[in-house]
>>> print(open('run.txt').read())   # compact mmCIF, C-alpha atoms
# COMPACT_ATOMS: atom_id res chain seq x y z
CA MET A 1 129.93 153.02 62.73
CA GLU A 2 130.54 154.02 66.35
CA VAL A 3 131.20 157.70 66.97
CA ASP A 4 133.29 159.10 69.82
CA ALA A 5 131.92 160.24 73.17
CA GLY A 6 132.44 163.92 72.39
CA THR A 7 130.33 163.67 69.25
CA VAL A 8 127.61 161.83 71.19
CA ARG A 9 127.53 164.53 73.88
CA ALA A 10 127.41 167.28 71.24
CA PHE A 11 124.54 165.53 69.46
CA ILE A 12 122.54 165.21 72.70
CA ALA A 13 123.22 168.85 73.59
CA SER A 14 121.88 169.88 70.18
CA LEU A 15 118.46 168.34 70.82
CA ALA A 16 115.56 170.45 72.03
CA ASP A 17 115.55 170.77 75.83
CA LEU A 18 111.79 170.57 76.31
CA PRO A 19 109.66 169.38 79.24
CA PRO A 20 108.03 165.97 78.77
CA THR A 21 104.65 165.74 77.09
CA ASP A 22 102.09 163.03 76.41
CA SER A 23 104.26 161.90 73.46
CA SER A 24 107.49 161.50 75.45
CA ARG A 25 106.88 157.97 76.69
CA GLU A 26 105.52 156.80 73.33
CA ARG A 27 108.58 158.09 71.47
CA SER A 28 110.79 156.39 74.03
CA ARG A 29 108.90 153.11 73.73
CA VAL A 30 109.29 153.13 69.95
CA MET A 31 113.05 153.71 70.29
CA LEU A 32 113.36 150.95 72.88
CA GLU A 33 111.53 148.53 70.59
CA ALA A 34 113.87 149.43 67.73
CA LEU A 35 116.76 148.57 70.05
CA GLN A 36 115.21 145.19 71.00
CA ARG A 37 114.37 146.37 74.51
CA PRO A 38 117.67 146.71 76.40
CA ASP A 39 115.58 147.37 79.53
CA LEU A 40 114.55 143.71 79.62
CA ARG A 41 118.11 142.65 80.43
CA TYR A 42 117.92 143.79 84.07
CA LEU A 43 115.48 144.24 86.94
CA VAL A 44 114.00 147.72 87.17
CA GLY A 45 112.99 149.48 90.36
CA THR A 46 111.27 152.87 90.00
CA VAL A 47 111.68 155.02 93.13
CA VAL A 48 109.39 158.03 93.41
CA GLY A 49 108.99 160.85 95.90
CA PRO A 50 111.20 163.61 97.35
CA ASP A 51 113.33 161.07 99.23
CA ALA A 52 113.93 158.87 96.18
CA ALA A 53 117.70 159.51 96.25
CA PRO A 54 118.43 158.35 99.83
CA ILE A 55 116.10 155.35 99.50
CA ALA A 56 117.86 154.35 96.29
CA ARG A 57 121.25 154.88 97.94
CA VAL A 58 120.40 152.28 100.57
CA ALA A 59 118.89 149.82 98.10
CA ARG A 60 121.87 150.09 95.77
CA ALA A 61 124.40 149.51 98.58
CA ILE A 62 122.58 146.36 99.70
CA LEU A 63 122.11 145.00 96.18
CA GLU A 64 125.78 145.49 95.40
CA ALA A 65 126.73 143.78 98.67
CA ALA A 66 124.66 140.87 97.32
CA ALA A 67 126.79 140.92 94.14
CA ALA A 68 124.05 142.50 92.00
CA PRO A 69 125.61 145.44 90.10
CA THR A 70 123.14 148.32 90.30
CA ALA A 71 122.99 151.48 88.19
CA VAL A 72 120.96 154.61 88.86
CA LEU A 73 119.19 157.02 86.52
CA ALA A 74 118.03 160.33 87.93
CA SER A 75 118.81 163.52 85.99
CA GLU A 76 122.01 161.81 84.82
CA PRO A 77 123.00 158.11 84.67
CA ALA A 78 125.56 156.49 86.96
CA VAL A 79 127.18 153.05 86.94
CA ALA A 80 128.95 151.98 90.14
CA GLY A 81 128.17 155.42 91.49
CA MET A 82 130.14 157.15 88.72
CA PRO A 83 129.09 158.93 85.49
CA LEU A 84 129.22 156.88 82.30
CA ASP A 85 132.77 156.62 80.98
CA ALA A 86 133.72 157.68 77.45
CA PRO A 87 133.70 154.21 75.81
CA LEU A 88 130.25 153.48 77.25
CA VAL A 89 128.92 156.88 76.13
CA ALA A 90 130.29 156.28 72.64
CA ARG A 91 128.81 152.78 72.30
CA ALA A 92 125.43 153.50 73.88
CA GLY A 93 125.13 156.97 72.37
CA THR A 94 125.72 155.69 68.84
CA LEU A 95 122.93 153.14 69.23
CA ALA A 96 120.60 155.68 70.85
CA ALA A 97 121.17 158.20 68.04
CA ALA A 98 120.46 155.52 65.44
CA SER A 99 117.16 154.71 67.15
CA GLY A 100 116.29 158.41 67.16
CA TYR A 101 116.89 158.70 63.42
CA GLN A 102 114.81 155.56 62.86
CA LEU A 103 111.99 157.07 64.95
CA SER A 104 111.99 160.24 62.84
CA ALA A 105 111.86 158.20 59.62
CA SER A 106 109.28 155.60 60.67
CA ARG A 107 107.00 157.64 62.96
CA PRO A 108 107.13 161.30 61.91
CA ASP A 109 103.72 161.72 63.53
CA LEU A 110 105.38 161.38 66.97
CA GLY A 111 107.85 164.19 66.41
CA ASP A 112 111.57 164.21 67.16
CA PRO A 113 113.09 162.98 70.43
CA THR A 114 114.07 165.56 73.02
CA ARG A 115 117.31 165.83 74.95
CA ARG A 116 115.85 164.15 78.03
CA GLU A 117 114.43 161.29 75.99
CA MET A 118 117.78 160.66 74.33
CA VAL A 119 119.60 160.71 77.70
CA VAL A 120 117.15 158.13 79.04
CA ILE A 121 117.50 155.86 75.98
CA MET A 122 121.30 156.13 75.99
CA SER A 123 121.35 155.34 79.71
CA LEU A 124 119.18 152.25 79.36
CA ILE A 125 121.44 150.95 76.59
CA ALA A 126 124.57 151.75 78.61
CA PHE A 127 123.25 149.87 81.65
CA ALA A 128 122.69 146.78 79.52
CA GLU A 129 126.11 147.10 77.89
CA ALA A 130 127.69 147.41 81.36
CA ASN A 131 125.98 144.17 82.48
CA GLN A 132 124.05 145.74 85.32
CA ARG A 133 121.72 143.42 87.22
CA VAL A 134 119.40 146.09 88.63
CA ILE A 135 118.47 149.60 87.52
CA LEU A 136 116.95 152.19 89.85
CA LEU A 137 114.99 154.96 88.12
CA LEU A 138 114.57 158.00 90.37
CA ASP A 139 111.60 160.36 90.01
CA PRO A 140 111.42 162.82 92.93
CA GLU A 141 108.63 164.80 91.26
CA VAL A 142 106.42 161.76 90.52
CA ASP A 143 106.07 162.93 86.93
CA PRO A 144 104.29 160.22 84.87
CA LEU A 145 105.26 162.01 81.65
CA ASP A 146 108.99 161.56 82.21
CA PRO A 147 110.38 159.28 79.47
CA MET A 148 111.97 157.01 82.07
CA HIS A 149 108.43 155.71 82.64
CA ALA A 150 108.46 154.16 79.18
CA VAL A 151 110.12 151.27 80.99
CA VAL A 152 107.83 148.76 82.71
CA PRO A 153 109.20 148.48 86.27
CA ASP A 154 109.45 145.23 88.18
CA LEU A 155 108.94 147.16 91.44
CA VAL A 156 107.75 150.65 92.35
CA VAL A 157 109.02 152.20 95.58
CA ILE A 158 106.96 155.08 96.93
CA GLY A 159 108.73 157.48 99.27
CA HIS A 160 107.21 160.12 101.54
CA VAL A 161 104.72 161.46 98.99
CA GLY A 162 101.84 163.77 99.72
CA ARG A 163 98.19 163.00 99.18
CA ASP A 164 98.25 164.81 95.82
CA GLN A 165 101.01 162.48 94.56
CA VAL A 166 99.64 159.13 95.75
CA GLU A 167 97.42 158.34 92.77
CA ARG A 168 100.16 159.31 90.30
CA ALA A 169 102.64 157.10 92.16
CA LEU A 170 100.36 154.07 92.25
CA ALA A 171 99.43 154.56 88.59
CA LEU A 172 103.08 153.79 87.79
CA VAL A 173 102.71 150.28 89.25
CA PRO A 174 101.97 147.82 86.42
CA ASP A 175 99.18 145.32 86.98
CA GLY A 176 100.41 142.33 88.93
CA ARG A 177 103.68 144.00 90.00
CA PRO A 178 104.54 144.78 93.65
CA ALA A 179 105.15 148.08 95.42
CA VAL A 180 106.97 149.24 98.54
CA ALA A 181 105.74 152.33 100.39
CA ALA A 182 107.60 154.33 103.02
CA PRO A 183 105.88 155.05 106.34
CA LEU A 184 103.23 157.67 105.55
CA ASP A 185 100.91 160.04 107.39
CA ASP A 186 97.70 158.32 108.47
CA ALA A 187 95.46 159.87 105.80
CA VAL A 188 97.96 159.15 103.00
CA ARG A 189 98.60 155.66 104.30
CA GLU A 190 94.88 154.85 104.33
CA LEU A 191 94.60 156.09 100.74
CA VAL A 192 97.57 153.99 99.62
CA GLU A 193 96.15 150.88 101.30
CA ARG A 194 92.73 151.40 99.75
CA LEU A 195 93.97 152.08 96.23
CA ALA A 196 96.46 149.20 96.35
CA SER A 197 93.75 146.86 97.59
CA GLU A 198 91.35 147.95 94.83
CA ARG A 199 93.97 147.18 92.18
CA GLY A 200 95.31 144.05 93.82
CA ILE A 201 98.84 145.48 94.16
CA PRO A 202 101.07 143.42 96.49
CA LEU A 203 102.18 146.13 98.93
CA LEU A 204 105.01 146.18 101.46
CA LEU A 205 103.96 149.10 103.65
CA GLY A 206 106.11 150.98 106.13
CA GLY A 207 104.72 150.86 109.66
CA ARG A 208 102.69 147.79 108.83
CA ASP A 209 104.95 145.27 107.09
CA TYR A 210 108.29 146.76 108.08
CA ALA A 211 109.34 149.27 110.71
CA VAL A 212 112.23 150.94 112.54
CA ASP A 213 112.86 149.96 116.16
CA ALA A 214 115.07 152.12 118.38
CA ALA A 215 118.02 150.26 119.86
CA GLY A 216 120.16 152.68 121.86
CA GLU A 217 122.62 154.57 119.67
CA THR A 218 121.78 152.42 116.66
CA ILE A 219 118.53 151.27 115.12
CA ALA A 220 117.04 147.95 114.09
CA VAL A 221 114.84 147.46 111.06
CA ARG A 222 112.20 144.77 111.15
CA VAL A 223 110.90 143.43 107.82
CA GLY A 224 108.27 140.77 108.32
CA THR A 225 109.82 138.25 110.70
CA GLU A 226 113.41 139.32 109.93
CA ARG A 227 115.27 141.84 112.06
CA TYR A 228 118.41 143.73 111.02
CA GLU A 229 120.21 145.19 114.03
CA ASP A 230 123.02 147.60 114.93
CA LEU A 231 122.40 149.88 111.96
CA THR A 232 123.41 153.53 111.86
CA PRO A 233 121.90 155.78 109.17
CA PRO A 234 124.48 158.01 107.45
CA PRO A 235 124.45 161.68 108.48
CA GLY A 236 121.34 163.43 107.20
CA MET A 237 119.44 160.22 106.43
CA ASP A 238 116.15 159.60 108.20
CA PRO A 239 115.78 156.10 109.73
CA ASP A 240 112.57 155.66 107.72
CA GLU A 241 114.56 156.20 104.51
CA LEU A 242 117.03 153.54 105.58
CA ALA A 243 114.16 151.14 106.33
CA ALA A 244 112.45 151.85 103.00
CA GLY A 245 115.73 151.21 101.16
CA ILE A 246 116.16 147.88 102.93
CA ALA A 247 112.58 146.90 102.10
CA ALA A 248 113.11 147.90 98.46
CA ALA A 249 116.30 145.83 98.16
CA LEU A 250 114.61 142.80 99.72
CA ALA A 251 111.60 143.15 97.43
CA LEU A 252 113.86 143.25 94.37
CA GLY A 253 115.74 140.27 95.78
CA VAL A 254 112.54 138.22 95.76
CA LEU A 255 112.42 138.80 91.99
CA GLY A 256 115.66 136.96 91.40
CA ILE A 257 118.57 138.04 93.61
CA ARG A 258 119.83 135.85 96.42
CA MET A 259 119.80 137.79 99.70
CA ARG A 260 121.38 137.06 103.07
CA GLU A 261 121.10 138.92 106.34
CA GLU A 262 124.81 139.73 106.46
CA TRP A 263 124.66 141.30 103.01
CA VAL A 264 121.87 143.63 104.10
CA ILE A 265 123.90 144.73 107.11
CA GLU A 266 127.12 145.00 105.07
CA GLY A 267 125.40 147.16 102.47
CA CYS A 268 124.03 149.54 105.10
CA ARG A 269 127.44 149.83 106.76
CA ASN A 270 129.20 150.39 103.43
CA MET A 271 127.34 153.69 103.09
CA GLY A 272 129.22 155.07 106.08
CA GLY A 273 128.00 156.01 109.51
>>> encode(input="run.txt", output="structure tokens")
Amino acid sequence: MEVDAGTVRAFIASLADLPPTDSSRERSRVMLEALQRPDLRYLVGTVVGPDAAPIARVARAILEAAAAPTAVLASEPAVAGMPLDAPLVARAGTLAAASGYQLSASRPDLGDPTRREMVVIMSLIAFAEANQRVILLLDPEVDPLDPMHAVVPDLVVIGHVGRDQVERALALVPDGRPAVAAPLDDAVRELVERLASERGIPLLLGGRDYAVDAAGETIAVRVGTERYEDLTPPPGMDPDELAAGIAAALALGVLGIRMREEWVIEGCRNMGG
């Protein structure tokens, strides 16, 4: 029986608000399996680093211009840029709560789910119920214990991380899956290239495989042999963040979304100048 959104929110608020531990991802994986893996119904891009939000903003705008509905999960979930509505919270929350009760009954050794874990599970269900084509998971802290990392991403996008975060970021890339990296300081860039090469990670690297070219009052972004011109980053957005977002959207497009040059430009312009 489906409960109402208010009851779902009260249930989630009643759960322990604890930081993630080594068990967080395992509990989340067990709940996802009980739900027949709603996360397999869409492409997943994990965006890590302090500039995860602006990079994801660009990628989402382009993907939606290409008719690929894209949801975002950071601290809270959003569909079409808005918080989950009441019917979606009720439907997804009821299923998430049921999976939590099943976890407690079948795997008491793992302990009970936390508030963050339940928010993540509810969000992943809601995105599937809302027929989203792409999900962007945002992790500014590059925290591998966060339950969002129970999901196997199709692409990992690495923002302007420091040297101490590089290995954690690359460890989130599943074997055989690609990664996009923002332009990085020389020492960090060399480390990313070496570690990616050692693991055989297909890497689209800022400054090497894509770059920003100045073009008067606007900028152009070159990705491989393609060039996207007359772009203006929104106020407060670094041109490198815009370029990384474009690269991320194109990399996700290769995995099953038809992309055209005009949709990339339209998406960037839809963010506002």
>>> closest_residue(input="run.txt", among="A:Ile12, A:Val3, A:Leu95, A:Ala65", to="Arg260 (chain A)", atoms="only C-alpha atoms")
A:Ala65
>>> residues_around(input="run.txt", residues="region 108-116 of chain A", least_positions_apart="2", cutoff="6 Å", atoms="only C-alpha atoms", output="list in words")
Ile12, Leu15, Ala16, Asp17, Ser104, Met118 and Val119 of chain A
>>> write_last_selection(input="run.txt", atoms="C-alpha atoms", output="PDB file, in the frame of the given file")
ATOM      1  CA  ILE A  12     122.540 165.210  72.700  1.00  0.00           C
ATOM      2  CA  LEU A  15     118.460 168.340  70.820  1.00  0.00           C
ATOM      3  CA  ALA A  16     115.560 170.450  72.030  1.00  0.00           C
ATOM      4  CA  ASP A  17     115.550 170.770  75.830  1.00  0.00           C
ATOM      5  CA  SER A 104     111.990 160.240  62.840  1.00  0.00           C
ATOM      6  CA  MET A 118     117.780 160.660  74.330  1.00  0.00           C
ATOM      7  CA  VAL A 119     119.600 160.710  77.700  1.00  0.00           C
TER       8      VAL A 119
END
>>> residues_around(input="run.txt", residues="region 174-185 of chain A", least_positions_apart="5", cutoff="9 Å", atoms="all atoms listed in the file", output="number ranges by chain")
A: 152-162, 190, 192, 196, 199-208, 210-211, 240-241, 243-245, 247-248, 251
>>> residues_around(input="run.txt", residues="Asp209 (chain A)", least_positions_apart="6", cutoff="9 Å", atoms="only C-alpha atoms", output="list in words")
Leu203, Arg222, Val223 and Gly224 of chain A
>>> write_last_selection(input="run.txt", atoms="C-alpha atoms", output="short mmCIF file (atom, residue, chain, number, x, y, z; two decimals), in the coordinates of the input")
data_model
loop_
_atom_site.label_atom_id
_atom_site.label_comp_id
_atom_site.auth_asym_id
_atom_site.auth_seq_id
_atom_site.Cartn_x
_atom_site.Cartn_y
_atom_site.Cartn_z
CA LEU A 203 102.18 146.13 98.93
CA ARG A 222 112.20 144.77 111.15
CA VAL A 223 110.90 143.43 107.82
CA GLY A 224 108.27 140.77 108.32
#
>>> residues_around(input="run.txt", residues="Asp85 (chain A)", least_positions_apart="6", cutoff="12 Å", atoms="all atoms listed in the file", output="list in words")
Asp4, Ala5, Gly6, Arg9, Pro77, Ala78, Val79, Arg91, Ala92, Gly93, Ser123, Ala126, Phe127 and Ala130 of chain A
>>> closest_residue(input="run.txt", among="A:Val142, A:Leu88, A:Met31, A:Val221", to="Tyr101 (chain A)", atoms="only C-alpha atoms")
A:Met31
>>> residues_near_point(input="run.txt", point="(125.3, 140.8, 90.4)", cutoff="9 Å", atoms="all atoms listed in the file", output="PyMOL selection string")
chain A and resi 63-70+131-134+257
>>> residues_around(input="run.txt", residues="Ser23 (chain A)", least_positions_apart="3", cutoff="9 Å", atoms="all atoms listed in the file", output="NGL selection string")
:A and (20 or 26-28 or 110-111 or 145 or 147)
>>> closest_residue(input="run.txt", among="A:Leu170, A:Met148, A:Val188, A:Met237", to="Ala53 (chain A)", atoms="all atoms listed in the file")
A:Met237
>>> residues_near_point(input="run.txt", point="(117.3, 151.4, 75.6)", cutoff="6 Å", atoms="only C-alpha atoms", output="JSON, numbers by chain")
{"A": [32, 37, 38, 39, 121, 124, 125]}
>>> closest_residue(input="run.txt", among="A:Thr218, A:Ser24, A:Ser99, A:Thr232", to="Glu117 (chain A)", atoms="all atoms listed in the file")
A:Ser24
>>> closest_residue(input="run.txt", among="A:Met271, A:Glu129, A:Ile55, A:Arg227", to="Pro87 (chain A)", atoms="all atoms listed in the file")
A:Glu129
>>> closest_residue(input="run.txt", among="A:Ala34, A:Leu43, A:Ala249, A:Ala13", to="Ser106 (chain A)", atoms="only C-alpha atoms")
A:Ala34
>>> atom_distance(input="run.txt", atom1="CA of Val8 (chain A)", atom2="CA of Leu84 (chain A)")
12.3 Å
>>> decode(input="run.txt", residues="region 121-140 of chain A", atoms="C-alpha atoms", output="mmCIF file, in the first residue's frame")
data_model
loop_
_atom_site.group_PDB
_atom_site.id
_atom_site.type_symbol
_atom_site.label_atom_id
_atom_site.label_comp_id
_atom_site.auth_asym_id
_atom_site.auth_seq_id
_atom_site.Cartn_x
_atom_site.Cartn_y
_atom_site.Cartn_z
ATOM 1 C CA ILE A 121 17.537 4.836 -2.700
ATOM 2 C CA MET A 122 14.307 6.847 -2.907
ATOM 3 C CA SER A 123 15.920 9.189 -5.431
ATOM 4 C CA LEU A 124 17.119 6.375 -7.674
ATOM 5 C CA ILE A 125 13.632 4.860 -7.678
ATOM 6 C CA ALA A 126 12.034 8.252 -8.347
ATOM 7 C CA PHE A 127 14.323 8.897 -11.318
ATOM 8 C CA ALA A 128 13.291 5.589 -12.863
ATOM 9 C CA GLU A 129 9.607 6.255 -12.174
ATOM 10 C CA ALA A 130 9.960 9.691 -13.797
ATOM 11 C CA ASN A 131 11.451 8.103 -16.951
ATOM 12 C CA GLN A 132 14.731 9.968 -16.787
ATOM 13 C CA ARG A 133 17.277 9.073 -19.460
ATOM 14 C CA VAL A 134 20.387 10.238 -17.591
ATOM 15 C CA ILE A 135 21.224 10.665 -13.911
ATOM 16 C CA LEU A 136 24.063 12.846 -12.661
ATOM 17 C CA LEU A 137 25.381 11.960 -9.202
ATOM 18 C CA LEU A 138 27.310 14.848 -7.639
ATOM 19 C CA ASP A 139 30.077 14.253 -5.097
ATOM 20 C CA PRO A 140 32.035 17.469 -4.401
#
